[in-house]
Amino acid sequence: MGSYDKDLNLEATELRLGLPGTDQPEPTTNIIIHSNNKRSIHQTKEEDQEGASKVAASKAQIVGWPPIRSFRKNSVQPKKDRAGTEADVSGIYVKVSMDGAPYLRKIDLNSYKGYDQLLVAIQSMFRITIGRYSEREGYSGSEHAPTYEDKDGDWMLVGDVPWEMFTTTCKRLRIMKGSEARGLGCGV
Amino acid sequence: MAVPSSFPEEVLEHIFSHLTSPSHLNAASLVCKSWYAADRYSRRSAFVGNCYSLSPRALVSRFPNLRSVEIKGKPHFADFNLVPEGWGGHFFPWVRSMSTAYPWLQEIRLKRMVVTDDALELLGRSFVHFRVLVLAFCEGFSTDGLAAIAANCRNLRELDLRESEVEDLSGHWIGHFPDSFTSLVSLDISCLSTEVNFPALERLVSRCPDLKSLRLNRAVPLERLVSLLRRAPQLVDFGAGAYSAELHPDVYSNLAGAFSGCRELRSLSGFSDVIPAYIPAVYSICFGLTTLNLCYVTVQSPELTNLINQCPNLQRLWVLDYIEDSGLEAVASTCKDLQELRVFPSDPYNAEPNVFLTEQGLVSVSLGCTKLQSVLYFCRRFSNAALVTIARNRPNLTRFRLCIIEPRSRDYLTLEPLDTGFGAIVENCKDLRRLSLSGLLTDKVFEYIGTYGKKLEMLSVAFAGESDAGLHHILSGCDSLRKLEIRDCPFGDKALLANAAKLETMRSLWMSSCLVSLGACKFLGRKMPRLNVEVIDENAHPSLRPDDCLVEKLYIYRSLAGPRFDMPGFVWTVDEDDSGMRSSSIHVSS
């Protein structure tokens with residue numbers, strides 16, 4: 001291990017200023033989600049130049065940043081504007097599981113502004129691709145489909161209901177794989 | 001010089017019982033065998049900073065007469081969702097060993113551990129003299145476990161569940177304290193999400209004359225606070241539940257009257273969703289307040305400022321950034337005894353600032369509050385100049401955590417990295433023990449930290465640095481370093497392996513999304529048998545990966561217990577036999 005000392009005085013030419021070399025899924029995948037008010041968020045590489053909106057979107061996707069305890073996130077509801085109108089829906093902390101993965105994650109639905117941000121975050125967290133969503137066919141184009149259990153105990157496809165309704169009724173999320181996922185898309 | 005050959009053990013033990021600091025006792029135990037024995041039998045409290053650093057059996061065998069144990073489990077970054085569920089930190093093995101070894105055990109304090117109802121039931125049954133249970137940031141238990149504690153711990157004085165995740169099955173657990181139970185001094189149920197049985201709570205408060213600290217949860221409505229405050233005017237620390245209700249003059253005047261009866265109140269917290277008009281109900285006791293936790297108070301700066309102006313004796317203030325720079329100026333001029341300030345973000349996920357809180361707020365406080373030692377501050381932009389000013393104003397800072405919300409933010413005035421500013425902090429604040437960095441930082445800041453941070457015990461680094469030199473500066477320079485946690489930094493094998501010996505002098509090292517290779521982890525694990533090198537890989541078996549593959553998450557800690565037996569499937573350690581990686585139950589050759 002002594003030999004490592006010498007190298008440290010040299011410029012580490014293989015390392016560079018910036019992001020670590022691991023694959024960092026950037027939020028540039030194409031996702032088109034139609035929510036109830038027909039808002040369509042389409043992120044492409046060209047739109048990277050729009051700094052502010054992308055920064056706003058990417059902030060929700062860095063796991064564990066800013067470093068605030070979830071307990072605090074759940075409890076504080078930021079006011080919509082300074083006139084002191086009603087606060088947002090309270091933070092909702094749900095477990096996310098993926099078929100075949102032996103671990104769970106937890107996310108705060110209130111930290112996402114819509115389905116697009118949520119799905120990008122899930123894809124980043126689990127290192128998967130989720131296909132394109134359409135109301136008729138569900139998620140096509142990949143093996144995975146995000147589903148959730150609602151307050152009535154029914155399993156629904158993520159994206160079927162308006163975002164606000166989703167955040168208030170979602171109890172937990174499950175990323176389904178394979179034919180079970182495709183079946184859900186058609187049946188719901 | 002002749003040394004007395006027989007010094008009665010009882011005298012030695014008696015003397016040692018007056019030494020309270022563990023480090024003093026540890027030092028004394030190394031002097032000679034009889035001192036070691038005297039310390040061993042007289043030690044009454046133990047602090048286990050990492051539950052995996054030794055086995056429960058080793059603890060009970062070394063110190064057979066403990067009355068108080070404190071144990072910490074998961075790494076700090078578990079608070080921010082970086083540690084997957086099921087990682088570990090199980091309390092049950094500890095309570096199982098202690099239940100037979102320590103019949104006289106009185107106090108257990110846990111932080112970030114997984115505590116089951118079974119463990120709580122065993123605890124309740126095993127320790128007749130049990131007095132204090134603190135479960136901070138814990139999880140895994142339900143209100144059934146709490147019922148077992150309430151029913152069995154006849155001498156309980158303190159039940160503190162701060163910020164734990166509790167499965168809230170029923171509010172009736174509080175009724176399990178028997179009618180003959182009167183010893184309660186402190187109760188913190190602020191983390192519970194549903195209502196506790198209110199009549200039972202009222203009766204409990206009424207019959208416990210020594211109750212000094214009561215922190216309620218949000219489900220206790222405003223009107224009921226009056227009844228509780230009237231039954232416990234001796235309270236020193238009170239956490240109100242939800243404080244929202246339509247403004248009703250009778251409720252307001254009852255509340256104001258109830259608070260004014262609590263002449264001993266020194267600490268207030270809670271007040272979730274408070275309506276500004278109700279805030280003045282506490283004014284009568286503000287003069288005596290030393291601690292004020294307004295983290296859940298979402299009112300605006302003017303109301304916050306009015307409240308602060310009533311509190312000239314404040315020593316600790318936790319508040320949301322709604323306080324803004326103007327409110328912090330009021331703090332600076334009013335709260336001359338302030339020692340600790342924490343400012344949390346109200347809307348952390350929005351790139352646009354929603355409040356007028358800037359570096360100026362912290363600069364004001366650093367100038368006006370000469371006793372300020374501990375800072376936690378979230379804001380959106382900072383400059384080197386402000387950091388230098390703060391450092392020069394407050395060389396007595398011991399804890400400094402600055403979180404600039406956008407990663408890698410530059411000095412907004414000069415567009416430079418923030419190396420100089422943080423460098424000034426470590427250079428001026430010679431007693432700095434804890435530091436959290438943010439903003440754009442090169443290797444230079446780590447050179448400053450290694451040079452000046454000689455008393456630094458805990459360092460948190462995120463999205464910073466340029467090369468292994470940064471990590472090398474920290475590990476080779478910070479003589480007092482105990483805990484180092486790093487995420488998303490370009491630090492890798494060279495610095496880690498060159499400083500391997502340093503890791504045995506620390507409690508733990510966490511590195512995630514850095515540039516450490518699997519091969520380096522295996523090498524370190526083989527060469528340093530007293531370190532546990534754990535790789536967290538949620539996607540695949542590390543043996544299927546090449547040695548130059550980068551590990552996603554790494555947790556290294558010194559341990560007398562060897563590799564742990566309870567690793568979940570995604571945690572891997574070096575297999576001593578064949579240098580592969582294994583988890584707890586599966587052995588796979590590389």
# chains A, B, ... in the order shown; residues from 1 in each chain; ligands from 1

call {"tool": "residues_around", "arguments": {"residues": "B:Leu402", "least_positions_apart": "2", "cutoff": "9 Å", "atoms": "only C-alpha atoms", "output": "PyMOL selection string"}}
result
chain B and resi 375-379+400+404+435-438

call {"tool": "residues_around", "arguments": {"residues": "A:Ser142", "least_positions_apart": "3", "cutoff": "9 Å", "atoms": "only C-alpha atoms", "output": "compact mmCIF listing (two decimals) with N, CA, C and O atoms, in the first residue's frame"}}
result
# COMPACT_ATOMS: atom_id res chain seq x y z
N ILE A 128 -33.65 1.03 -14.18
CA ILE A 128 -34.48 0.37 -15.20
C ILE A 128 -35.04 1.40 -16.14
O ILE A 128 -34.96 2.59 -15.89
N THR A 129 -35.60 0.89 -17.22
CA THR A 129 -36.36 1.78 -18.11
C THR A 129 -37.82 1.40 -18.01
O THR A 129 -38.16 0.21 -17.99
N ILE A 130 -38.62 2.41 -17.96
CA ILE A 130 -40.06 2.17 -17.99
C ILE A 130 -40.56 2.70 -19.33
O ILE A 130 -40.16 3.75 -19.77
N GLY A 131 -41.42 1.96 -19.94
CA GLY A 131 -41.79 2.31 -21.32
C GLY A 131 -42.67 3.55 -21.40
O GLY A 131 -42.89 4.25 -20.43
N ARG A 132 -43.12 3.78 -22.60
CA ARG A 132 -44.01 4.93 -22.79
C ARG A 132 -45.42 4.58 -22.37
O ARG A 132 -45.89 3.46 -22.56
N TYR A 139 -48.07 0.75 -20.28
CA TYR A 139 -46.66 1.02 -20.52
C TYR A 139 -46.10 0.04 -21.54
O TYR A 139 -46.04 -1.16 -21.28
N ALA A 145 -43.46 -2.05 -15.54
CA ALA A 145 -44.57 -1.12 -15.47
C ALA A 145 -44.79 -0.73 -14.01
O ALA A 145 -44.84 -1.59 -13.14
N LYS A 177 -43.02 -6.64 -13.45
CA LYS A 177 -42.23 -7.06 -14.60
C LYS A 177 -43.04 -8.01 -15.45
O LYS A 177 -43.83 -8.79 -14.96
N GLY A 178 -42.78 -7.96 -16.74
CA GLY A 178 -43.25 -9.01 -17.63
C GLY A 178 -44.73 -8.98 -17.91
O GLY A 178 -45.37 -7.93 -17.92

call {"tool": "closest_residue", "arguments": {"among": "A:Arg105, A:Arg127, A:Lys151, A:Arg174", "to": "A:Gly64", "atoms": "only C-alpha atoms"}}
result
A:Arg105

call {"tool": "residues_around", "arguments": {"residues": "stretch 298-311 of chain B", "least_positions_apart": "2", "cutoff": "6 Å", "atoms": "only C-alpha atoms", "output": "ChimeraX atom specification"}}
result
/B:286-287,313-314,322-323,327

call {"tool": "atom_distance", "arguments": {"atom1": "atom CA of B:Arg433", "atom2": "atom CA of A:Ile68"}}
result
20.8 Å

call {"tool": "closest_residue", "arguments": {"among": "B:Ala540, B:Cys489, B:Ala151, B:Met506", "to": "chain A", "atoms": "only C-alpha atoms"}}
result
B:Cys489

call {"tool": "select_by_dssp", "arguments": {"residues": "stretch 101-170 of chain A", "states": "strand (DSSP E)", "output": "tab-separated table (two decimals) with C-alpha atoms, in the first residue's frame"}}
result
chain	number	residue	atom	x	y	z
A	104	LEU	CA	-37.55	-1.63	-0.79
A	105	ARG	CA	-37.14	2.06	-1.26
A	106	LYS	CA	-39.18	4.82	0.20
A	107	ILE	CA	-40.07	8.04	-1.54
A	108	ASP	CA	-42.00	11.15	-0.71
A	132	ARG	CA	-44.01	4.93	-22.79
A	133	TYR	CA	-47.42	5.34	-21.30
A	134	SER	CA	-50.62	5.46	-23.20
A	138	GLY	CA	-50.44	1.09	-20.51
A	139	TYR	CA	-46.66	1.02	-20.52
A	140	SER	CA	-45.17	-0.38	-23.68
A	144	HIS	CA	-41.37	-2.84	-16.37
A	145	ALA	CA	-44.57	-1.12	-15.47
A	146	PRO	CA	-45.16	1.00	-12.39
A	147	THR	CA	-48.26	0.15	-10.42
A	148	TYR	CA	-49.70	1.30	-7.16
A	149	GLU	CA	-52.13	0.12	-4.53
A	150	ASP	CA	-54.81	2.65	-3.79
A	155	TRP	CA	-53.83	-2.24	-7.96
A	156	MET	CA	-53.76	0.46	-10.58
A	157	LEU	CA	-51.38	1.51	-13.27
A	170	CYS	CA	-51.56	5.89	-3.36

call {"tool": "atom_distance", "arguments": {"atom1": "atom CA of B:Lys33", "atom2": "atom CA of B:Ser21"}}
result
19.9 Å

call {"tool": "residues_around", "arguments": {"residues": "B:Arg131", "least_positions_apart": "4", "cutoff": "8 Å", "atoms": "only C-alpha atoms", "output": "mmCIF file with N, CA, C and O atoms, in the first residue's frame"}}
result
data_model
loop_
_atom_site.group_PDB
_atom_site.id
_atom_site.type_symbol
_atom_site.label_atom_id
_atom_site.label_comp_id
_atom_site.auth_asym_id
_atom_site.auth_seq_id
_atom_site.Cartn_x
_atom_site.Cartn_y
_atom_site.Cartn_z
ATOM 1 N N GLN B 106 -31.251 0.124 33.940
ATOM 2 C CA GLN B 106 -32.226 1.188 34.150
ATOM 3 C C GLN B 106 -32.511 2.011 32.899
ATOM 4 O O GLN B 106 -33.604 2.553 32.750
ATOM 5 N N GLU B 107 -31.519 2.145 32.026
ATOM 6 C CA GLU B 107 -31.680 3.090 30.930
ATOM 7 C C GLU B 107 -31.174 2.507 29.626
ATOM 8 O O GLU B 107 -30.086 1.925 29.579
ATOM 9 N N CYS B 153 -43.269 -1.528 32.768
ATOM 10 C CA CYS B 153 -42.180 -0.751 33.380
ATOM 11 C C CYS B 153 -42.758 0.133 34.470
ATOM 12 O O CYS B 153 -43.109 1.290 34.238
ATOM 13 N N ASN B 155 -41.543 1.565 36.979
ATOM 14 C CA ASN B 155 -40.780 2.711 37.479
ATOM 15 C C ASN B 155 -40.320 3.626 36.367
ATOM 16 O O ASN B 155 -39.393 4.407 36.546
ATOM 17 N N LEU B 156 -41.002 3.567 35.233
ATOM 18 C CA LEU B 156 -40.553 4.331 34.078
ATOM 19 C C LEU B 156 -40.599 5.821 34.356
ATOM 20 O O LEU B 156 -41.580 6.342 34.885
ATOM 21 N N ARG B 157 -39.505 6.493 34.015
ATOM 22 C CA ARG B 157 -39.499 7.943 34.143
ATOM 23 C C ARG B 157 -39.537 8.630 32.804
ATOM 24 O O ARG B 157 -40.107 9.693 32.647
ATOM 25 N N GLU B 158 -38.873 8.025 31.830
ATOM 26 C CA GLU B 158 -38.753 8.717 30.558
ATOM 27 C C GLU B 158 -39.088 7.798 29.397
ATOM 28 O O GLU B 158 -38.522 6.702 29.295
#
